[in-house]
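S.K.: Pasting a structure below so you can have a look.
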Amino acid sequence: MATEDNEVEDHRPLVLIHHLPSFKLPLQDRLITHFRLFDSLASPDASSVRALICVGTTPVTADTLDHLPSLRLVVGSSAGLDHVDLAECRRRGIAVTNTGDANSENVADYAVALLLDVLRRVSAADRFVRSGLWPQMGEYPLGCKIGGKRIGIVGLGSIGSEVAKRLVAFGCTVAYNSRNKKPSVLYPYYANVHDLAVNSDVLIVCCALTNETHHIINKDVLTALGREGFIINVGRGALVDEKELVQFLVQGEIGGAGLDVFENEPNVPKELFALDNVVLSPHLAISTPESFEALNEVIIANLKAFFSSKPLLSPFQQE
Ligand SMILES: O=CC(=O)O
């Protein structure tokens, strides 16, 4: 429609891209076809905006929401939403979406990659070759077989289920812990993580970070996992008591770890750098071009549904 001064009226709904300077939404340019974007809480548009995209783990706090009196939707660009004050959103009648299961396969692949790397010592072998040590090779420390390992999955949501499927194909056995036993799942269920650890060679942490799951992997669980046990974390850093984990690794009281997430990202405890039985990764488990496509689609679909008063595609549901 043309306005009086012949400018074309812009019907694209207004959306706030909420991000820390260090975070950028992959494929953000594609959103511009559908939405009018701005990215500052200080903008005059903040008072009227109804939907916000939260980029990465940028915090959405009560203070953020105070700038946005008309806000009715927070669209998360991650599966985990521990950086969003969900209780405050609920109190203010603001709906929240996450990425649903759009990236579960990518994250599950990465959990398995970390597990293979730690147990078969792939990154350590790579460092060994690159540092020119192969010609003088004496006894190279052996890795261990994947098949037959008892895998304990902490959080059998869509990521955990994909991990289970993959590791069963490797000949592993799977058991799990989650808030509730899942009636349709045949893997053995342990109501607490300690008992799961006693009966596992590897713990794979895939659950959401909440008040209940904060430091769910603590000293007792690490002790139960034992010197031959391994831990893989693709959930959130604070699911593991990182200080304890570092102590256990430095003292050789657990077998090794594959970590994509840390308690105080991007800071990684320096003690881990010297350990060949630890694989470190900078919170990359979801990051593939395919996953960025899927992420973009789910964000657009949620926003379109919201602005046309249809049911949201992936309202956040706690596992
Ligand atoms: O960490 C990544 C995610 O929660 O999607």
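By convention here, the chains of the structure tokens are called A, B, ... in the order presented, each chain's residues are numbered starting at 1, and ligands are numbered starting at 1 in the order presented.
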Find the spatial neighbours of A:Ile151, counting only C-alpha atoms, within a cut-off of 12 Å - ignore same-chain residues fewer than 2 positions away - and output them as a PyMOL selection string.
M.R.: chain A and resi 111-112+115+146-149+153-154+160+163-168+170-177+187-189+196-205+225+229-232
S.K.: Residues within 12 Å of ligand 1, counting only C-alpha atoms and all ligand atoms: report them as a VMD selection string.
M.R.: chain A and resid 54 to 58 76 to 84 97 to 108 110 158 to 159 206 to 209 233 to 237 260 to 262 265 282 to 288 291 to 292 294 to 295 316
S.K.: From the set A:Glu253, A:Asp29, A:Asp39, A:Asp117, which residue has the shortest atom-to-atom contact distance to A:Leu280, counting only C-alpha atoms?
M.R.: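 Selected residue with least distance to A:Leu280: A:Asp117.
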S.K.: Compile the contact shell of stretch 210-224 of chain A as an NGL selection string: residues with an atom at most 6 Å away, counting only C-alpha atoms, same-chain residues fewer than 2 positions apart removed.
M.R.: :A and (194 or 197-198 or 226 or 238-241)
S.K.: Could the residues in this selection be saved with N, CA, C and O atoms as a PDB file, in the first residue's frame?
M.R.:
ATOM      1  N   HIS A 194      23.501 -40.946  41.047  1.00  0.00           N
ATOM      2  CA  HIS A 194      24.530 -41.708  41.748  1.00  0.00           C
ATOM      3  C   HIS A 194      24.429 -43.187  41.382  1.00  0.00           C
ATOM      4  O   HIS A 194      25.420 -43.826  41.008  1.00  0.00           O
ATOM      5  N   ALA A 197      25.542 -43.808  37.933  1.00  0.00           N
ATOM      6  CA  ALA A 197      27.010 -43.757  37.816  1.00  0.00           C
ATOM      7  C   ALA A 197      27.642 -45.069  38.280  1.00  0.00           C
ATOM      8  O   ALA A 197      28.584 -45.564  37.659  1.00  0.00           O
ATOM      9  N   VAL A 198      27.110 -45.628  39.369  1.00  0.00           N
ATOM     10  CA  VAL A 198      27.645 -46.903  39.876  1.00  0.00           C
ATOM     11  C   VAL A 198      27.576 -47.970  38.785  1.00  0.00           C
ATOM     12  O   VAL A 198      28.450 -48.819  38.674  1.00  0.00           O
ATOM     13  N   GLY A 226      34.070 -43.534  39.197  1.00  0.00           N
ATOM     14  CA  GLY A 226      35.321 -44.249  39.478  1.00  0.00           C
ATOM     15  C   GLY A 226      36.454 -44.017  38.485  1.00  0.00           C
ATOM     16  O   GLY A 226      36.294 -43.354  37.468  1.00  0.00           O
ATOM     17  N   ALA A 238      27.347 -25.904  34.145  1.00  0.00           N
ATOM     18  CA  ALA A 238      26.988 -25.951  35.565  1.00  0.00           C
ATOM     19  C   ALA A 238      26.219 -27.214  35.957  1.00  0.00           C
ATOM     20  O   ALA A 238      25.865 -27.393  37.127  1.00  0.00           O
ATOM     21  N   LEU A 239      25.986 -28.117  35.015  1.00  0.00           N
ATOM     22  CA  LEU A 239      25.425 -29.419  35.405  1.00  0.00           C
ATOM     23  C   LEU A 239      26.465 -30.226  36.180  1.00  0.00           C
ATOM     24  O   LEU A 239      26.137 -31.130  36.942  1.00  0.00           O
ATOM     25  N   VAL A 240      27.735 -29.865  35.948  1.00  0.00           N
ATOM     26  CA  VAL A 240      28.844 -30.578  36.603  1.00  0.00           C
ATOM     27  C   VAL A 240      29.515 -29.630  37.590  1.00  0.00           C
ATOM     28  O   VAL A 240      29.730 -28.458  37.272  1.00  0.00           O
ATOM     29  N   ASP A 241      29.843 -30.125  38.761  1.00  0.00           N
ATOM     30  CA  ASP A 241      30.651 -29.330  39.691  1.00  0.00           C
ATOM     31  C   ASP A 241      32.072 -29.315  39.121  1.00  0.00           C
ATOM     32  O   ASP A 241      32.838 -30.272  39.295  1.00  0.00           O
TER      33      ASP A 241
END
S.K.: If we count only C-alpha atoms, what is near A:Thr33 at a cut-off of 12 Å, once residues fewer than 4 positions away on the same chain are taken out, given as a ChimeraX atom specification?
M.R.: /A:10-14,27-29,37,300,304
S.K.: With C-alpha atoms retained, could you export that selection as a PDB file, in the first residue's frame?
M.R.:
ATOM      1  CA  ASP A  10       6.232  -1.595   5.940  1.00  0.00           C
ATOM      2  CA  HIS A  11       3.992  -4.381   7.249  1.00  0.00           C
ATOM      3  CA  ARG A  12       6.778  -6.544   8.623  1.00  0.00           C
ATOM      4  CA  PRO A  13       6.314  -7.150  12.345  1.00  0.00           C
ATOM      5  CA  LEU A  14       8.869  -5.569  14.643  1.00  0.00           C
ATOM      6  CA  LEU A  27      21.732 -16.478   8.886  1.00  0.00           C
ATOM      7  CA  GLN A  28      20.202 -13.407  10.530  1.00  0.00           C
ATOM      8  CA  ASP A  29      19.949 -11.637   7.168  1.00  0.00           C
ATOM      9  CA  LEU A  37      14.701  -6.025  13.230  1.00  0.00           C
ATOM     10  CA  ILE A 300      10.910 -17.939  11.625  1.00  0.00           C
ATOM     11  CA  LYS A 304       5.154 -16.316  12.022  1.00  0.00           C
TER      12      LYS A 304
END
S.K.: Counting only C-alpha atoms, figure out which residue out of A:Trp134, A:Ser308, A:Thr64, A:Ile299 gets nearest to A:Asp85.
M.R.: A:Thr64
S.K.: Excluding same-chain residues fewer than 2 positions from A:Ser178, what lies within 8 Å of it counting only C-alpha atoms, as a PyMOL selection string?
M.R.: chain A and resi 154-156+176+180-181+190-191+207+319
S.K.: Write out as a PDB file with N, CA and C atoms, in the first residue's frame the residues lying within 10 Å of stretch 136-141 of chain A, counting only C-alpha atoms and excluding same-chain residues fewer than 2 positions away.
M.R.:
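See out_15.pdb below for the written result:
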ATOM      1  N   ARG A 120      39.145 -43.421  22.561  1.00  0.00           N
ATOM      2  CA  ARG A 120      40.155 -43.924  21.616  1.00  0.00           C
ATOM      3  C   ARG A 120      41.339 -42.970  21.475  1.00  0.00           C
ATOM      4  N   ARG A 121      41.306 -41.866  22.181  1.00  0.00           N
ATOM      5  CA  ARG A 121      42.436 -40.926  22.275  1.00  0.00           C
ATOM      6  C   ARG A 121      42.819 -40.326  20.921  1.00  0.00           C
ATOM      7  N   ALA A 124      44.543 -36.848  21.207  1.00  0.00           N
ATOM      8  CA  ALA A 124      45.864 -37.049  21.827  1.00  0.00           C
ATOM      9  C   ALA A 124      46.823 -37.658  20.798  1.00  0.00           C
ATOM     10  N   ALA A 125      46.323 -38.607  19.979  1.00  0.00           N
ATOM     11  CA  ALA A 125      47.171 -39.229  18.959  1.00  0.00           C
ATOM     12  C   ALA A 125      47.567 -38.193  17.905  1.00  0.00           C
ATOM     13  N   PHE A 128      50.278 -36.155  19.212  1.00  0.00           N
ATOM     14  CA  PHE A 128      51.478 -36.990  19.248  1.00  0.00           C
ATOM     15  C   PHE A 128      52.192 -36.976  17.887  1.00  0.00           C
ATOM     16  N   VAL A 129      51.401 -37.167  16.819  1.00  0.00           N
ATOM     17  CA  VAL A 129      51.985 -37.183  15.474  1.00  0.00           C
ATOM     18  C   VAL A 129      52.532 -35.800  15.119  1.00  0.00           C
ATOM     19  N   GLY A 132      55.858 -34.703  16.293  1.00  0.00           N
ATOM     20  CA  GLY A 132      57.028 -35.411  15.781  1.00  0.00           C
ATOM     21  C   GLY A 132      57.468 -36.573  16.648  1.00  0.00           C
ATOM     22  N   LEU A 133      56.600 -37.049  17.518  1.00  0.00           N
ATOM     23  CA  LEU A 133      57.011 -38.101  18.458  1.00  0.00           C
ATOM     24  C   LEU A 133      56.880 -39.522  17.901  1.00  0.00           C
ATOM     25  N   TRP A 134      56.156 -39.653  16.770  1.00  0.00           N
ATOM     26  CA  TRP A 134      55.885 -41.002  16.268  1.00  0.00           C
ATOM     27  C   TRP A 134      57.158 -41.824  16.033  1.00  0.00           C
ATOM     28  N   GLY A 143      43.916 -46.703  24.018  1.00  0.00           N
ATOM     29  CA  GLY A 143      42.544 -46.292  24.283  1.00  0.00           C
ATOM     30  C   GLY A 143      41.718 -47.522  24.610  1.00  0.00           C
ATOM     31  N   CYS A 144      40.401 -47.361  24.749  1.00  0.00           N
ATOM     32  CA  CYS A 144      39.609 -48.574  25.001  1.00  0.00           C
ATOM     33  C   CYS A 144      38.413 -48.678  24.074  1.00  0.00           C
TER      34      CYS A 144
END
S.K.: Could you tell me how far atom CA of A:Ile17 sits from atom CA of A:Phe35, in Å to one decimal place?
M.R.: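 Atom-to-atom, atom CA of A:Phe35 to atom CA of A:Ile17, that is 10.6 Å.
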S.K.: Could you pull out the alpha helix (DSSP H) residues of stretch 76-230 of chain A from DSSP and send them as an MDAnalysis selection string?
M.R.: chainID A and resid 86:91 104:120 122:130 158:169 193:198 219:225
S.K.: Tell me, which residues of stretch 177-286 of chain A carry DSSP strand (DSSP E), written as a list of chain:residue names?
M.R.: A:Asn177, A:Val202, A:Leu203, A:Ile204, A:Val205, A:Phe230, A:Ile231, A:Ile232, A:Asn233, A:Gly256, A:Ala257, A:Gly258, A:Leu259, A:Val278, A:Val279, A:Leu280
S.K.: Can those selected residues be exported to a file as an mmCIF file, in the first residue's frame so that it contains all heavy atoms?
M.R.:
data_model
loop_
_atom_site.group_PDB
_atom_site.id
_atom_site.type_symbol
_atom_site.label_atom_id
_atom_site.label_comp_id
_atom_site.auth_asym_id
_atom_site.auth_seq_id
_atom_site.Cartn_x
_atom_site.Cartn_y
_atom_site.Cartn_z
ATOM 1 N N ASN A 177 18.910 -41.649 33.471
ATOM 2 C CA ASN A 177 18.260 -40.955 34.586
ATOM 3 C C ASN A 177 17.531 -39.760 33.986
ATOM 4 O O ASN A 177 18.042 -39.101 33.079
ATOM 5 C CB ASN A 177 19.318 -40.463 35.594
ATOM 6 C CG ASN A 177 18.799 -39.355 36.488
ATOM 7 O OD1 ASN A 177 19.017 -38.177 36.212
ATOM 8 N ND2 ASN A 177 18.101 -39.729 37.529
ATOM 9 N N VAL A 202 30.443 -44.854 31.300
ATOM 10 C CA VAL A 202 30.476 -43.483 30.767
ATOM 11 C C VAL A 202 29.168 -42.803 31.136
ATOM 12 O O VAL A 202 28.099 -43.377 30.934
ATOM 13 C CB VAL A 202 30.575 -43.490 29.211
ATOM 14 C CG1 VAL A 202 30.680 -42.060 28.687
ATOM 15 C CG2 VAL A 202 31.724 -44.340 28.715
ATOM 16 N N LEU A 203 29.268 -41.575 31.650
ATOM 17 C CA LEU A 203 28.056 -40.763 31.841
ATOM 18 C C LEU A 203 28.026 -39.708 30.748
ATOM 19 O O LEU A 203 29.025 -39.016 30.524
ATOM 20 C CB LEU A 203 28.064 -40.055 33.189
ATOM 21 C CG LEU A 203 27.750 -40.862 34.433
ATOM 22 C CD1 LEU A 203 27.732 -39.935 35.656
ATOM 23 C CD2 LEU A 203 26.419 -41.606 34.321
ATOM 24 N N ILE A 204 26.887 -39.587 30.082
ATOM 25 C CA ILE A 204 26.739 -38.541 29.067
ATOM 26 C C ILE A 204 25.664 -37.582 29.560
ATOM 27 O O ILE A 204 24.503 -37.981 29.771
ATOM 28 C CB ILE A 204 26.369 -39.132 27.699
ATOM 29 C CG1 ILE A 204 27.436 -40.162 27.298
ATOM 30 C CG2 ILE A 204 26.242 -38.019 26.661
ATOM 31 C CD1 ILE A 204 27.354 -40.655 25.890
ATOM 32 N N VAL A 205 26.064 -36.334 29.750
ATOM 33 C CA VAL A 205 25.161 -35.374 30.392
ATOM 34 C C VAL A 205 24.472 -34.558 29.298
ATOM 35 O O VAL A 205 25.118 -33.829 28.544
ATOM 36 C CB VAL A 205 25.955 -34.452 31.334
ATOM 37 C CG1 VAL A 205 25.006 -33.556 32.118
ATOM 38 C CG2 VAL A 205 26.818 -35.274 32.281
ATOM 39 N N PHE A 230 34.214 -42.435 32.579
ATOM 40 C CA PHE A 230 34.382 -41.244 31.737
ATOM 41 C C PHE A 230 33.126 -40.396 31.812
ATOM 42 O O PHE A 230 32.026 -40.919 32.008
ATOM 43 C CB PHE A 230 34.611 -41.650 30.276
ATOM 44 C CG PHE A 230 35.886 -42.419 30.069
ATOM 45 C CD1 PHE A 230 35.912 -43.807 30.215
ATOM 46 C CD2 PHE A 230 37.066 -41.755 29.749
ATOM 47 C CE1 PHE A 230 37.087 -44.508 30.034
ATOM 48 C CE2 PHE A 230 38.248 -42.459 29.559
ATOM 49 C CZ PHE A 230 38.264 -43.836 29.706
ATOM 50 N N ILE A 231 33.327 -39.090 31.571
ATOM 51 C CA ILE A 231 32.165 -38.214 31.562
ATOM 52 C C ILE A 231 32.191 -37.352 30.304
ATOM 53 O O ILE A 231 33.244 -36.837 29.914
ATOM 54 C CB ILE A 231 32.117 -37.378 32.855
ATOM 55 C CG1 ILE A 231 30.844 -36.590 32.915
ATOM 56 C CG2 ILE A 231 33.278 -36.448 33.025
ATOM 57 C CD1 ILE A 231 30.329 -36.484 34.317
ATOM 58 N N ILE A 232 31.030 -37.249 29.669
ATOM 59 C CA ILE A 232 30.877 -36.409 28.476
ATOM 60 C C ILE A 232 29.791 -35.393 28.813
ATOM 61 O O ILE A 232 28.708 -35.774 29.265
ATOM 62 C CB ILE A 232 30.404 -37.261 27.252
ATOM 63 C CG1 ILE A 232 31.331 -38.465 26.997
ATOM 64 C CG2 ILE A 232 30.245 -36.379 26.010
ATOM 65 C CD1 ILE A 232 32.739 -38.125 26.574
ATOM 66 N N ASN A 233 30.069 -34.112 28.564
ATOM 67 C CA ASN A 233 29.047 -33.094 28.852
ATOM 68 C C ASN A 233 28.768 -32.251 27.613
ATOM 69 O O ASN A 233 29.636 -31.520 27.132
ATOM 70 C CB ASN A 233 29.502 -32.190 30.016
ATOM 71 C CG ASN A 233 28.390 -31.267 30.491
ATOM 72 O OD1 ASN A 233 27.266 -31.312 29.985
ATOM 73 N ND2 ASN A 233 28.684 -30.416 31.467
ATOM 74 N N GLY A 256 38.591 -39.989 32.329
ATOM 75 C CA GLY A 256 38.742 -38.935 31.328
ATOM 76 C C GLY A 256 37.431 -38.206 31.120
ATOM 77 O O GLY A 256 36.388 -38.586 31.679
ATOM 78 N N ALA A 257 37.477 -37.159 30.284
ATOM 79 C CA ALA A 257 36.265 -36.361 30.055
ATOM 80 C C ALA A 257 36.295 -35.747 28.667
ATOM 81 O O ALA A 257 37.358 -35.430 28.134
ATOM 82 C CB ALA A 257 36.149 -35.257 31.105
ATOM 83 N N GLY A 258 35.103 -35.584 28.111
ATOM 84 C CA GLY A 258 34.923 -34.850 26.861
ATOM 85 C C GLY A 258 33.949 -33.727 27.152
ATOM 86 O O GLY A 258 32.795 -33.972 27.502
ATOM 87 N N LEU A 259 34.400 -32.481 27.031
ATOM 88 C CA LEU A 259 33.602 -31.354 27.515
ATOM 89 C C LEU A 259 33.384 -30.322 26.417
ATOM 90 O O LEU A 259 34.340 -29.742 25.911
ATOM 91 C CB LEU A 259 34.321 -30.697 28.705
ATOM 92 C CG LEU A 259 34.717 -31.634 29.854
ATOM 93 C CD1 LEU A 259 35.612 -30.907 30.850
ATOM 94 C CD2 LEU A 259 33.476 -32.205 30.530
ATOM 95 N N VAL A 278 41.573 -35.673 28.344
ATOM 96 C CA VAL A 278 40.437 -34.737 28.338
ATOM 97 C C VAL A 278 40.375 -34.093 26.959
ATOM 98 O O VAL A 278 41.383 -33.653 26.427
ATOM 99 C CB VAL A 278 40.644 -33.643 29.410
ATOM 100 C CG1 VAL A 278 39.506 -32.636 29.371
ATOM 101 C CG2 VAL A 278 40.734 -34.269 30.795
ATOM 102 N N VAL A 279 39.164 -34.065 26.374
ATOM 103 C CA VAL A 279 38.963 -33.381 25.098
ATOM 104 C C VAL A 279 38.109 -32.147 25.367
ATOM 105 O O VAL A 279 37.046 -32.241 25.997
ATOM 106 C CB VAL A 279 38.286 -34.315 24.069
ATOM 107 C CG1 VAL A 279 37.993 -33.551 22.770
ATOM 108 C CG2 VAL A 279 39.190 -35.507 23.778
ATOM 109 N N LEU A 280 38.601 -31.003 24.904
ATOM 110 C CA LEU A 280 37.943 -29.721 25.198
ATOM 111 C C LEU A 280 37.382 -29.137 23.902
ATOM 112 O O LEU A 280 38.032 -29.189 22.862
ATOM 113 C CB LEU A 280 38.972 -28.745 25.786
ATOM 114 C CG LEU A 280 39.706 -29.241 27.031
ATOM 115 C CD1 LEU A 280 40.862 -28.311 27.376
ATOM 116 C CD2 LEU A 280 38.733 -29.342 28.202
#
S.K.: Which distance in Å separates atom CA of A:Asp126 and atom CA of A:Ala113, to one decimal?
M.R.: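 If I compute the distance from atom CA of A:Asp126 to atom CA of A:Ala113, I get 14.8 Å.
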